[in-house]
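Participant: Pasting in a structure now, in structure tokens, and then I'll have a few things to ask.
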Amino acid sequence: MTDYIEEHPHIRPLYNYAPNNEGITQAIAGRTNYPIDRKTLVKVLTQQYEHLPQKQETDKNIQTLLSENTFTVCTAHQPNLLTGYLYFVYKILHAIKLAEVLSKQHPDKHFVPVYYMGSEDNDLDELGTFRFRGNKFTWTGDGQSGAVGRMKTKGLKPLLNELFKLFGPPGKNCDDLQTLITTAYLKHNTIAEATQYLVHELFGKYGLLVLNPDDASLKKAFIPVMQDELLHRSAFDIVTKQIEQLSAHYKVQARPRPINLFYLTDNLRERIERLNDEWIVVGHDKRWTQQELTDELNQHPERFSPNVILRGLFQETILPNIAFIGGGAEVAYWMQFKTLFENYKVFFPPVFVRQSVQFVGEAASTLRKQLELNIPDVFKPEADLVKEHVVKHSGTGWQTNDEAKELDQLLETLKVKATAIDPTLKASSEAALAKMRRQLQVLEQKMFRAEKRKIQVHTDRIKRMKELLFPNNALQERVDNFMEYYLDMGPAFFDLILDGINPLSSDFLVVE
């Protein structure tokens, strides 16, 4: 990531446009050479929004997509239950903010933020898990399998009832959030529909569009790529060559398969493989001849689902996208795809690293100030903070640096004296001197621990602050869920983060 942000020569050949103002300007000019089917895109979005609460901002943005002067700013994520973790929210807010900034910088054009829902992902272990106030919630799908976005929501009521027991304090935020979640998951049939409703209600006021790409009309535009993949397995060779270039300096994030498509029906999303002159669905009795396969692809393109290697290619085929925003892992695997996009003459957009966010709430902020720490200090390891605090507040009474120097001089004198008497004593004298030095270090550690006990109140504050800011010793954004913050602040939480985000910066954002 550091090399990517700094445009290091090792990685610069792997993308077309730098994630900055200059790169965006170049991309706008380049994007015009890659037309997309805007009428179909608007038709699908209009259909998907028919049953959602009407919002002027989203309705306007859907219609502006018909104009060749409108571009999208896209982020993608699976439909994690209750959004999963905070970075789900931060990716969306980054896309919204970047669209706002670009609209001001290029007033003759329109920029629409889009959340591209990875509804076809079938990793329920990941998508069905979230944490709330230290409690882990897991939905097993009630025996369902296949694409998580297509799973029915009717079995979620017991899990949501357990979640609501932890809500509070009572008030408008609590009531609004409980109503929102209940409506999303218990009054919509599938996870994809529930997620679209939830995200629309939370972010629709900013003009964010939610697109579910699991649609036959959208996939029709991708038939030529999917047919080439099924018959000639082109992506494997193309991406493998770029991986060879990437792996000389970096870890490979995603490796291609001979065929990078799944077969998708209700309760089923399994790999397609070629076996002699037939194509089969792994683990099932579904099989085709070449003619049967091409017929089904052309008649039912919605039954074919791209994996991670082809997903971005599909996204850029159906969206007039000018920027993609992803986390570190996403950016890493996008660096494997430039030549794949070139092969299919699909636009390869500037790829932005999602801005990471650390929210310092009132309790953690109070502790930080009591401990006289600045913001960068809170990212230091707990052990380092404790040691620095002991040094700062207990003086140097427990340190033995001066005594160690004096002892070293004395010990060296003794070693010289012993060696002068008998040269064979040199080794044993060095061993004895090393043992004395170790004993001094042990004594210093004991004195340090004694000093720590004397200021236990302060060290407890450090531990508590670290627990608040880094739950489970991990980044807050990878553990916490937005609900904790929404219950406290309501929609103002999103406004606060949105105000702080600098979409063209790679800095770690801290909001206190």
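In the structure tokens, the first chain shown is A, the next is B, and so on; residue numbers restart at 1 for each chain, and ligands run from 1 in the order shown.
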In region 253-482 of chain A, what's strand (DSSP E) per DSSP? Answer as a PyMOL selection string?

Facilitator: chain A and resi 261-265+268-275+278-281+287-288+304-306+321-326+351-353+357-359

Participant: Just list as number ranges by chain whatever in region 192-325 of chain A DSSP marks as alpha helix (DSSP H).

Facilitator: A: 192-203, 216-220, 223-232, 234-246, 290-299, 308-318

Participant: Give me, as a Markdown table, the closest atom pair and its distance (Å, one decimal) for every residue of region 417-489 of chain A within a cut-off of 12 Å of region 156-166 of chain A, counting only C-alpha atoms, rows sorted by chain and rising number.

Facilitator:
| residue | atom | partner | partner_atom | distance |
| --- | --- | --- | --- | --- |
| A:Met483 | CA | A:Leu163 | CA | 10.5 |
| A:Glu484 | CA | A:Leu166 | CA | 10.1 |
| A:Leu487 | CA | A:Leu166 | CA | 10.9 |

Participant: Okay, now the selection with N, CA and C atoms, as a JSON list (two decimals), in the first residue's frame?

Facilitator:
[["chain", "number", "residue", "atom", "x", "y", "z"],
["A", 483, "MET", "N", -23.93, 0.38, 14.51],
["A", 483, "MET", "CA", -25.09, 0.55, 15.39],
["A", 483, "MET", "C", -24.70, 1.16, 16.74],
["A", 484, "GLU", "N", -23.52, 0.78, 17.26],
["A", 484, "GLU", "CA", -23.09, 1.33, 18.55],
["A", 484, "GLU", "C", -23.01, 2.85, 18.50],
["A", 487, "LEU", "N", -26.63, 4.58, 17.83],
["A", 487, "LEU", "CA", -27.46, 4.69, 19.03],
["A", 487, "LEU", "C", -27.06, 5.89, 19.88]]

Participant: Rank A:Glu201, A:Asp125, A:Asp295, A:Glu362 by their smallest atom-to-atom distance to Met489 (chain A), using only C-alpha atoms, and report the top residue only.

Facilitator: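 Among A:Glu201, A:Asp125, A:Asp295, A:Glu362, it is A:Glu362 that comes nearest to Met489 (chain A).
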
Participant: Go through A:Tyr4, A:Phe111, A:Tyr333, A:Phe137 one by one, measure the shortest atom-to-atom distance of each to Lys60 (chain A) using only C-alpha atoms, and give the residue with the smallest value.

Facilitator: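 Of the candidates, the smallest distance to Lys60 (chain A) is held by A:Phe111.
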
Participant: What lies within 12 Å of region 217-225 of chain A using only C-alpha atoms, ignoring chain neighbours under 5 positions off, as a PDB file with C-alpha atoms, in the first residue's frame?

Facilitator:
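result_36.pdb, freshly written:
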ATOM      1  CA  PRO A  35     -19.295   3.809 -23.745  1.00  0.00           C
ATOM      2  CA  ILE A  36     -21.718   1.708 -21.707  1.00  0.00           C
ATOM      3  CA  ASP A  37     -25.412   0.888 -22.038  1.00  0.00           C
ATOM      4  CA  ARG A  38     -26.791   3.720 -19.915  1.00  0.00           C
ATOM      5  CA  LYS A  39     -30.429   3.029 -20.800  1.00  0.00           C
ATOM      6  CA  THR A  40     -30.261  -0.505 -19.423  1.00  0.00           C
ATOM      7  CA  LEU A  41     -28.450   0.676 -16.299  1.00  0.00           C
ATOM      8  CA  VAL A  42     -31.097   3.325 -15.600  1.00  0.00           C
ATOM      9  CA  LYS A  43     -33.901   0.858 -16.346  1.00  0.00           C
ATOM     10  CA  VAL A  44     -32.503  -1.696 -13.857  1.00  0.00           C
ATOM     11  CA  LEU A  45     -31.914   0.927 -11.160  1.00  0.00           C
ATOM     12  CA  GLN A  47     -36.862  -1.186 -11.218  1.00  0.00           C
ATOM     13  CA  LEU A 211     -26.905  -1.415  -7.367  1.00  0.00           C
ATOM     14  CA  ASN A 212     -27.579  -5.149  -7.168  1.00  0.00           C
ATOM     15  CA  LEU A 230     -15.990 -20.610 -20.629  1.00  0.00           C
ATOM     16  CA  LEU A 231     -14.677 -21.659 -24.016  1.00  0.00           C
ATOM     17  CA  HIS A 232     -11.104 -20.362 -24.018  1.00  0.00           C
ATOM     18  CA  ARG A 233     -10.224 -19.710 -20.335  1.00  0.00           C
ATOM     19  CA  SER A 234      -8.460 -16.474 -21.285  1.00  0.00           C
ATOM     20  CA  ALA A 235      -8.365 -14.826 -17.854  1.00  0.00           C
ATOM     21  CA  ILE A 259     -12.593 -20.936 -15.377  1.00  0.00           C
ATOM     22  CA  ASN A 260     -13.466 -17.931 -13.211  1.00  0.00           C
ATOM     23  CA  LEU A 261     -17.234 -18.279 -13.248  1.00  0.00           C
ATOM     24  CA  LEU A 293     -23.523 -24.170 -22.616  1.00  0.00           C
ATOM     25  CA  THR A 294     -23.565 -21.257 -25.055  1.00  0.00           C
ATOM     26  CA  ASP A 295     -27.326 -21.588 -25.429  1.00  0.00           C
ATOM     27  CA  GLU A 296     -27.894 -21.393 -21.682  1.00  0.00           C
ATOM     28  CA  LEU A 297     -25.466 -18.491 -21.339  1.00  0.00           C
ATOM     29  CA  ASN A 298     -27.301 -16.481 -23.994  1.00  0.00           C
ATOM     30  CA  GLN A 299     -30.755 -17.371 -22.702  1.00  0.00           C
ATOM     31  CA  HIS A 300     -29.978 -17.080 -18.982  1.00  0.00           C
ATOM     32  CA  PRO A 301     -26.863 -14.925 -18.371  1.00  0.00           C
ATOM     33  CA  GLU A 302     -28.074 -14.372 -14.776  1.00  0.00           C
ATOM     34  CA  ARG A 303     -27.136 -18.001 -14.047  1.00  0.00           C
ATOM     35  CA  PHE A 304     -23.444 -17.241 -14.481  1.00  0.00           C
ATOM     36  CA  SER A 305     -21.600 -15.434 -11.706  1.00  0.00           C
ATOM     37  CA  PRO A 306     -18.090 -13.940 -11.949  1.00  0.00           C
ATOM     38  CA  LEU A 310     -13.854 -11.157 -13.234  1.00  0.00           C
ATOM     39  CA  ARG A 311     -16.077  -9.206 -10.811  1.00  0.00           C
ATOM     40  CA  GLY A 312     -14.340  -5.865 -11.340  1.00  0.00           C
ATOM     41  CA  LEU A 313     -14.411  -6.362 -15.094  1.00  0.00           C
ATOM     42  CA  PHE A 314     -18.190  -6.847 -14.932  1.00  0.00           C
ATOM     43  CA  GLN A 315     -18.572  -3.794 -12.698  1.00  0.00           C
ATOM     44  CA  GLU A 316     -16.719  -1.555 -15.145  1.00  0.00           C
ATOM     45  CA  THR A 317     -18.666  -3.010 -18.083  1.00  0.00           C
ATOM     46  CA  ILE A 318     -22.018  -1.848 -16.698  1.00  0.00           C
ATOM     47  CA  LEU A 319     -21.068   1.391 -14.876  1.00  0.00           C
ATOM     48  CA  LEU A 340      -7.157  -8.307 -18.353  1.00  0.00           C
ATOM     49  CA  PHE A 341      -9.098  -5.064 -18.784  1.00  0.00           C
ATOM     50  CA  ASN A 343      -7.641  -7.516 -23.409  1.00  0.00           C
ATOM     51  CA  TYR A 344     -11.407  -6.958 -23.267  1.00  0.00           C
ATOM     52  CA  LYS A 345     -11.192  -3.215 -23.999  1.00  0.00           C
ATOM     53  CA  VAL A 346     -12.815  -2.302 -20.697  1.00  0.00           C
TER      54      VAL A 346
END

Participant: Please identify every residue of region 323-378 of chain A that has at least one atom no farther than 12 Å from an atom of region 115-122 of chain A, counting only C-alpha atoms, and for each give the shortest atom pair and the distance in Å to one decimal, arranged by chain then increasing number, as JSON lines.

Facilitator:
{"residue": "A:Phe324", "atom": "CA", "partner": "A:Tyr116", "partner_atom": "CA", "distance": 10.3}
{"residue": "A:Ile325", "atom": "CA", "partner": "A:Tyr115", "partner_atom": "CA", "distance": 10.0}
{"residue": "A:Gly326", "atom": "CA", "partner": "A:Tyr115", "partner_atom": "CA", "distance": 11.3}

Participant: I want to know what sits within 10 Å of Val114 (chain A), based on only C-alpha atoms, with residues of the same chain fewer than 4 positions away left out; could you give that as a PyMOL selection string?

Facilitator: chain A and resi 61+72-76+92+95-96+99+207-211+319+321+324

Participant: At a cut-off of 6 Å, using only C-alpha atoms, what residues contact Gly128 (chain A)? Leave out same-chain residues fewer than 3 positions from it and give the result as an NGL selection string.

Facilitator: :A and (81 or 124-125 or 138-139)

Participant: Which is closest to Tyr34 (chain A) among A:Cys174, A:Ile62, A:Ile322, A:Val282, if we use only C-alpha atoms?

Facilitator: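 Among the listed residues, A:Ile322 lies closest to Tyr34 (chain A).
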
Participant: So which residues touch Arg478 (chain A) within 12 Å, counting only C-alpha atoms, skipping near sequence neighbours fewer than 3 positions away, as a ChimeraX atom specification?

Facilitator: /A:83-90,130-131,327,356-358,469-475,481-482

Participant: Give me the residues within 12 Å of Arg464 (chain A) as a VMD selection string, counting only C-alpha atoms and dropping any in the same chain fewer than 3 places off.

Facilitator: chain A and resid 363 to 368 371 378 382 457 to 461 467 to 473

Participant: Can you work out which one of A:Arg255, A:His188, A:Arg150, A:Arg438 has the shortest atom-to-atom distance to Asp215 (chain A), counting only C-alpha atoms?

Facilitator: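 Distance minimum relative to Asp215 (chain A) lands on A:Arg150.
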
Participant: Rounded to one decimal, what separation in Å do you get between CA of Asn135 (chain A) and CA of Ala194 (chain A)?

Facilitator: 22.3 Å

Participant: With only C-alpha atoms as the atoms that count, which of A:Ala323, A:Val252, A:Leu102, A:Ala492 lies nearest to Phe347 (chain A)?

Facilitator: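 Under the stated criterion, the closest residue is A:Ala323.
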
Participant: Would you mind telling me which residue in A:Trp288, A:Phe71, A:Tyr485, A:Tyr197 lies nearest to Gln54 (chain A) when using only C-alpha atoms?

Facilitator: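 Selected residue with least distance to Gln54 (chain A): A:Tyr197.
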
Participant: Suppose you want the space between CA of Gln78 (chain A) and CA of Gly149 (chain A); what is it in Å?

Facilitator: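 Between CA of Gln78 (chain A) and CA of Gly149 (chain A) the gap works out to 8.3 Å.
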
Participant: As an exercise, work out the distance from CA of Phe359 (chain A) to CA of Ile497 (chain A) in Å and give it to one decimal place.

Facilitator: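 These atoms are spaced 8.6 Å apart.
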